[in-house]
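Undergrad: Below you'll find work33.tsv; it's TSV, C-alpha atoms and all ligand atoms.
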```
chain	number	residue	atom	x	y	z
A	1	MET	CA	68.69	-8.08	-45.79
A	2	THR	CA	69.92	-4.49	-45.93
A	3	ALA	CA	67.60	-1.58	-46.66
A	4	ALA	CA	69.44	-1.06	-49.96
A	5	THR	CA	68.86	-4.67	-51.02
A	6	GLU	CA	65.23	-4.42	-50.01
A	7	ALA	CA	64.81	-1.25	-52.08
A	8	GLN	CA	66.55	-2.84	-55.06
A	9	LEU	CA	64.29	-5.89	-54.91
A	10	ALA	CA	61.22	-3.68	-54.57
A	11	ARG	CA	62.28	-1.75	-57.68
A	12	LEU	CA	62.95	-4.95	-59.65
A	13	THR	CA	59.67	-6.64	-58.77
A	14	GLU	CA	57.43	-3.57	-58.85
A	15	PRO	CA	56.49	-3.84	-62.57
A	16	TYR	CA	55.15	-7.35	-61.93
A	17	ALA	CA	53.25	-6.63	-58.71
A	18	GLY	CA	50.02	-8.61	-58.53
A	19	ARG	CA	50.76	-10.39	-61.85
A	20	PRO	CA	51.33	-14.08	-61.16
A	21	SER	CA	51.37	-14.88	-64.87
A	22	GLU	CA	54.58	-12.84	-65.26
A	23	LEU	CA	56.60	-14.90	-62.84
A	24	ILE	CA	59.19	-15.97	-65.42
A	25	GLN	CA	59.70	-12.41	-66.67
A	26	ALA	CA	60.12	-11.18	-63.09
A	27	LEU	CA	62.73	-13.86	-62.39
A	28	HIS	CA	64.59	-12.99	-65.60
A	29	ARG	CA	64.71	-9.36	-64.58
A	30	VAL	CA	66.06	-10.18	-61.12
A	31	GLN	CA	68.67	-12.53	-62.55
A	32	SER	CA	69.81	-10.10	-65.25
A	33	GLU	CA	70.37	-7.44	-62.62
A	34	LEU	CA	71.81	-9.51	-59.76
A	35	GLY	CA	73.42	-12.28	-61.81
A	36	TYR	CA	71.46	-14.89	-59.86
A	37	ILE	CA	68.32	-15.27	-57.74
A	38	PRO	CA	69.19	-15.51	-54.03
A	39	PRO	CA	66.61	-16.69	-51.45
A	40	GLU	CA	65.65	-13.14	-50.41
A	41	ALA	CA	64.94	-12.28	-54.06
A	42	GLN	CA	62.82	-15.42	-54.45
A	43	ALA	CA	60.79	-14.34	-51.42
A	44	ALA	CA	60.46	-10.78	-52.76
A	45	VAL	CA	59.20	-12.05	-56.12
A	46	ALA	CA	56.70	-14.35	-54.41
A	47	ARG	CA	55.40	-11.50	-52.25
A	48	ALA	CA	55.17	-8.97	-55.06
A	49	LEU	CA	53.41	-11.25	-57.52
A	50	GLY	CA	51.23	-12.91	-54.91
A	51	VAL	CA	52.36	-16.47	-55.63
A	52	PRO	CA	53.51	-19.13	-53.15
A	53	LEU	CA	57.27	-19.28	-52.56
A	54	SER	CA	57.12	-22.98	-53.45
A	55	GLN	CA	55.93	-22.02	-56.93
A	56	VAL	CA	58.82	-19.59	-57.38
A	57	ARG	CA	61.28	-22.27	-56.31
A	58	GLY	CA	59.59	-24.81	-58.59
A	59	VAL	CA	59.99	-22.56	-61.63
A	60	ILE	CA	63.64	-21.81	-60.81
A	61	THR	CA	64.38	-25.51	-60.47
A	62	PHE	CA	62.52	-26.45	-63.65
A	63	TYR	CA	64.27	-23.95	-65.94
A	64	HIS	CA	67.99	-24.60	-66.07
A	65	PHE	CA	68.85	-21.04	-67.04
A	66	PHE	CA	67.90	-19.69	-63.62
A	67	ARG	CA	70.71	-19.61	-61.08
A	68	THR	CA	70.44	-19.49	-57.30
A	69	SER	CA	74.09	-18.75	-56.58
A	70	PRO	CA	76.59	-16.18	-57.92
A	71	VAL	CA	78.31	-16.81	-61.23
A	72	GLY	CA	81.71	-18.50	-61.07
A	73	ARG	CA	84.88	-17.44	-62.84
A	74	HIS	CA	84.22	-20.01	-65.59
A	75	THR	CA	80.85	-20.82	-67.13
A	76	LEU	CA	80.35	-24.45	-68.07
A	77	ARG	CA	77.47	-25.00	-70.48
A	78	LEU	CA	76.49	-28.64	-70.77
A	79	CYS	CA	74.41	-29.53	-73.80
A	80	LEU	CA	71.17	-31.29	-72.93
A	81	GLY	CA	69.97	-31.47	-76.55
A	82	THR	CA	68.77	-34.65	-78.24
A	83	ALA	CA	72.06	-35.78	-79.78
A	84	CYS	CA	73.93	-35.26	-76.51
A	85	HIS	CA	71.15	-36.90	-74.56
A	86	VAL	CA	71.28	-39.97	-76.81
A	87	ARG	CA	75.04	-40.14	-76.39
A	88	GLY	CA	74.85	-40.27	-72.61
A	89	VAL	CA	75.05	-36.73	-71.31
A	90	GLU	CA	73.86	-38.01	-67.93
A	91	HIS	CA	77.29	-39.64	-67.45
A	92	ILE	CA	78.93	-36.30	-68.16
A	93	LEU	CA	76.68	-34.53	-65.68
A	94	LYS	CA	77.54	-37.19	-63.09
A	95	ALA	CA	81.25	-36.63	-63.74
A	96	ILE	CA	80.78	-32.87	-63.35
A	97	ARG	CA	78.95	-33.42	-60.06
A	98	GLU	CA	81.72	-35.69	-58.81
A	99	GLU	CA	84.47	-33.28	-59.85
A	100	LEU	CA	82.89	-29.96	-58.87
A	101	GLY	CA	80.37	-31.00	-56.22
A	102	VAL	CA	77.53	-29.14	-57.96
A	103	GLY	CA	74.96	-29.72	-60.67
A	104	LEU	CA	72.98	-27.64	-63.14
A	105	GLY	CA	72.26	-24.06	-62.13
A	106	GLN	CA	74.89	-24.08	-59.39
A	107	THR	CA	78.34	-22.68	-58.72
A	108	SER	CA	81.18	-24.70	-57.23
A	109	ALA	CA	82.15	-23.87	-53.64
A	110	ASP	CA	85.52	-22.50	-54.78
A	111	GLY	CA	83.69	-20.00	-57.02
A	112	LEU	CA	85.45	-21.27	-60.14
A	113	PHE	CA	82.66	-22.91	-62.13
A	114	THR	CA	79.02	-22.17	-62.78
A	115	VAL	CA	77.26	-25.10	-64.43
A	116	GLU	CA	74.41	-24.47	-66.84
A	117	GLY	CA	72.32	-26.69	-69.08
A	118	VAL	CA	71.66	-25.58	-72.66
A	119	ARG	CA	69.53	-27.05	-75.44
A	120	CYS	CA	72.04	-27.40	-78.28
A	121	LEU	CA	75.51	-26.02	-78.84
A	122	GLY	CA	75.38	-26.60	-82.58
A	123	ALA	CA	78.10	-29.25	-82.44
A	124	CYS	CA	75.86	-32.33	-82.44
A	125	GLY	CA	78.41	-34.36	-84.43
A	126	LEU	CA	80.72	-34.10	-81.40
A	127	ALA	CA	78.10	-35.20	-78.85
A	128	PRO	CA	78.20	-35.24	-75.92
A	129	VAL	CA	79.41	-31.66	-75.79
A	130	MET	CA	80.09	-28.97	-73.22
A	131	MET	CA	81.42	-25.48	-73.56
A	132	VAL	CA	83.65	-23.92	-70.94
A	133	ASP	CA	83.69	-20.18	-71.45
A	134	GLU	CA	84.26	-19.86	-75.22
A	135	GLU	CA	85.83	-23.27	-75.80
A	136	VAL	CA	83.85	-26.28	-77.07
A	137	HIS	CA	84.79	-29.73	-75.75
A	138	GLY	CA	83.28	-32.67	-77.61
A	139	LYS	CA	83.19	-36.47	-77.67
A	140	LEU	CA	83.21	-36.37	-73.90
A	141	ASP	CA	83.25	-39.25	-71.53
A	142	ALA	CA	83.45	-39.08	-67.75
A	143	LYS	CA	87.24	-39.36	-67.65
A	144	LYS	CA	87.85	-36.70	-70.29
A	145	THR	CA	85.37	-34.35	-68.62
A	146	LYS	CA	87.12	-34.61	-65.26
A	147	ARG	CA	90.50	-34.13	-66.89
A	148	ILE	CA	89.37	-30.94	-68.63
A	149	LEU	CA	87.91	-29.52	-65.42
A	150	ARG	CA	91.08	-30.31	-63.48
A	151	GLN	CA	93.24	-28.65	-66.13
A	152	ILE	CA	91.13	-25.51	-66.03
A	153	ARG	CA	91.17	-25.48	-62.24
A	154	GLU	CA	94.95	-25.83	-62.17
A	155	GLY	CA	95.26	-23.05	-64.75
A	156	SER	CA	93.07	-20.79	-62.66
A	157	GLY	CA	95.28	-20.93	-59.59
A	201	LIG	S1	72.43	-31.66	-79.20
A	201	LIG	FE1	74.26	-31.27	-78.17
A	201	LIG	S2	75.37	-30.04	-79.54
A	201	LIG	FE2	73.48	-30.32	-80.53
```
Could the structure of this file be written out as structure tokens, please?

TA:
Amino acid sequence: MTAATEAQLARLTEPYAGRPSELIQALHRVQSELGYIPPEAQAAVARALGVPLSQVRGVITFYHFFRTSPVGRHTLRLCLGTACHVRGVEHILKAIREELGVGLGQTSADGLFTVEGVRCLGACGLAPVMMVDEEVHGKLDAKKTKRILRQIREGSG
């Protein structure tokens, strides 16, 4: 870690020093500034707040909106709301994993897609639904999901 990074992390975590109950706020601040929460930032947050690193990692894993890798060129928001859940969103997530090699909160190795989980996209009648950048894709199944991702990838070349 460079001295500049260290100073930046110290500045970001300083308001939360010694305040374990503000772990989520501290992580939000780091993510809003860096775009994601890399391992060195996780360690800095743990140190500053006085909580175990395992707890920091646990919180990041639990809440889908925290990212541990940089944001990709396209943001894929997969709806995890009730209607989409009932209509088999787990098959869509599996298709995404197969196509992109990553799951929720992660960015594909080619840097093209960041996958996020959201609670409801307001298009429940089209469940299961995902949004890629500003475009909503509904009535998904595994095949359609993969086709959409391939088309976007080819268009990004
Ligand atoms: S629950 Fe998925 S769009 Fe509303």

Undergrad: Enumerate residues in contact with ligand LIG 201 (chain A): an atom-to-atom distance of at most 6 Å, counting all atoms listed in the file. Format the result as a list in words.

TA: Cys79, Gly81, Thr82, Ala83, Cys84, Cys120, Leu121, Gly122, Ala123, Cys124, Ala127 and Val129 of chain A

Undergrad: Kindly provide, as a VMD selection string, the polymer residues lying within 12 Å of (69.2, -13.6, -55.4), counting only C-alpha atoms and using the coordinates exactly as they appear in the file.

TA: chain A and resid 1 5 to 6 8 to 9 12 27 to 45 57 60 66 to 71

Undergrad: Of the candidates A:Val115, A:Val56, A:Leu93, A:Leu100, which shows the shortest atom-to-atom distance to Ala142 of chain A, using only C-alpha atoms?

TA: A:Leu93

Undergrad: Taking into account only C-alpha atoms, which residue in the set A:Glu99, A:Glu90, A:Glu116, A:Glu22 is nearest to Thr61 of chain A?

TA: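 The answer is A:Glu116, which sits nearest to Thr61 of chain A.
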
Undergrad: Using all atoms listed in the file, which of A:His91, A:Leu140, A:Val86, A:His74 sits nearest Gly155 of chain A?

TA: A:His74

Undergrad: Set the distance at 9 Å and use only C-alpha atoms: which residues neighbour Thr114 of chain A once local chain neighbours fewer than 5 positions away are removed? I'd like the list as a VMD selection string.

TA: chain A and resid 67 69 to 77 102 to 108

Undergrad: Give me the residues within 10 Å of His137 of chain A as a list in words, counting only C-alpha atoms and dropping any in the same chain fewer than 6 places off.

TA: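 The neighbour list is Leu78, Ala123, Leu126, Ala127, Pro128, Val129, Met130, Met131, Lys144, Thr145 and Ile148 of chain A.
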
Undergrad: What does the structure give for the distance between atom CA of Gly117 of chain A and atom CA of Arg87 of chain A, in Å to one decimal?

TA: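 Computing the Euclidean distance for atom CA of Gly117 of chain A and atom CA of Arg87 of chain A yields 15.5 Å.
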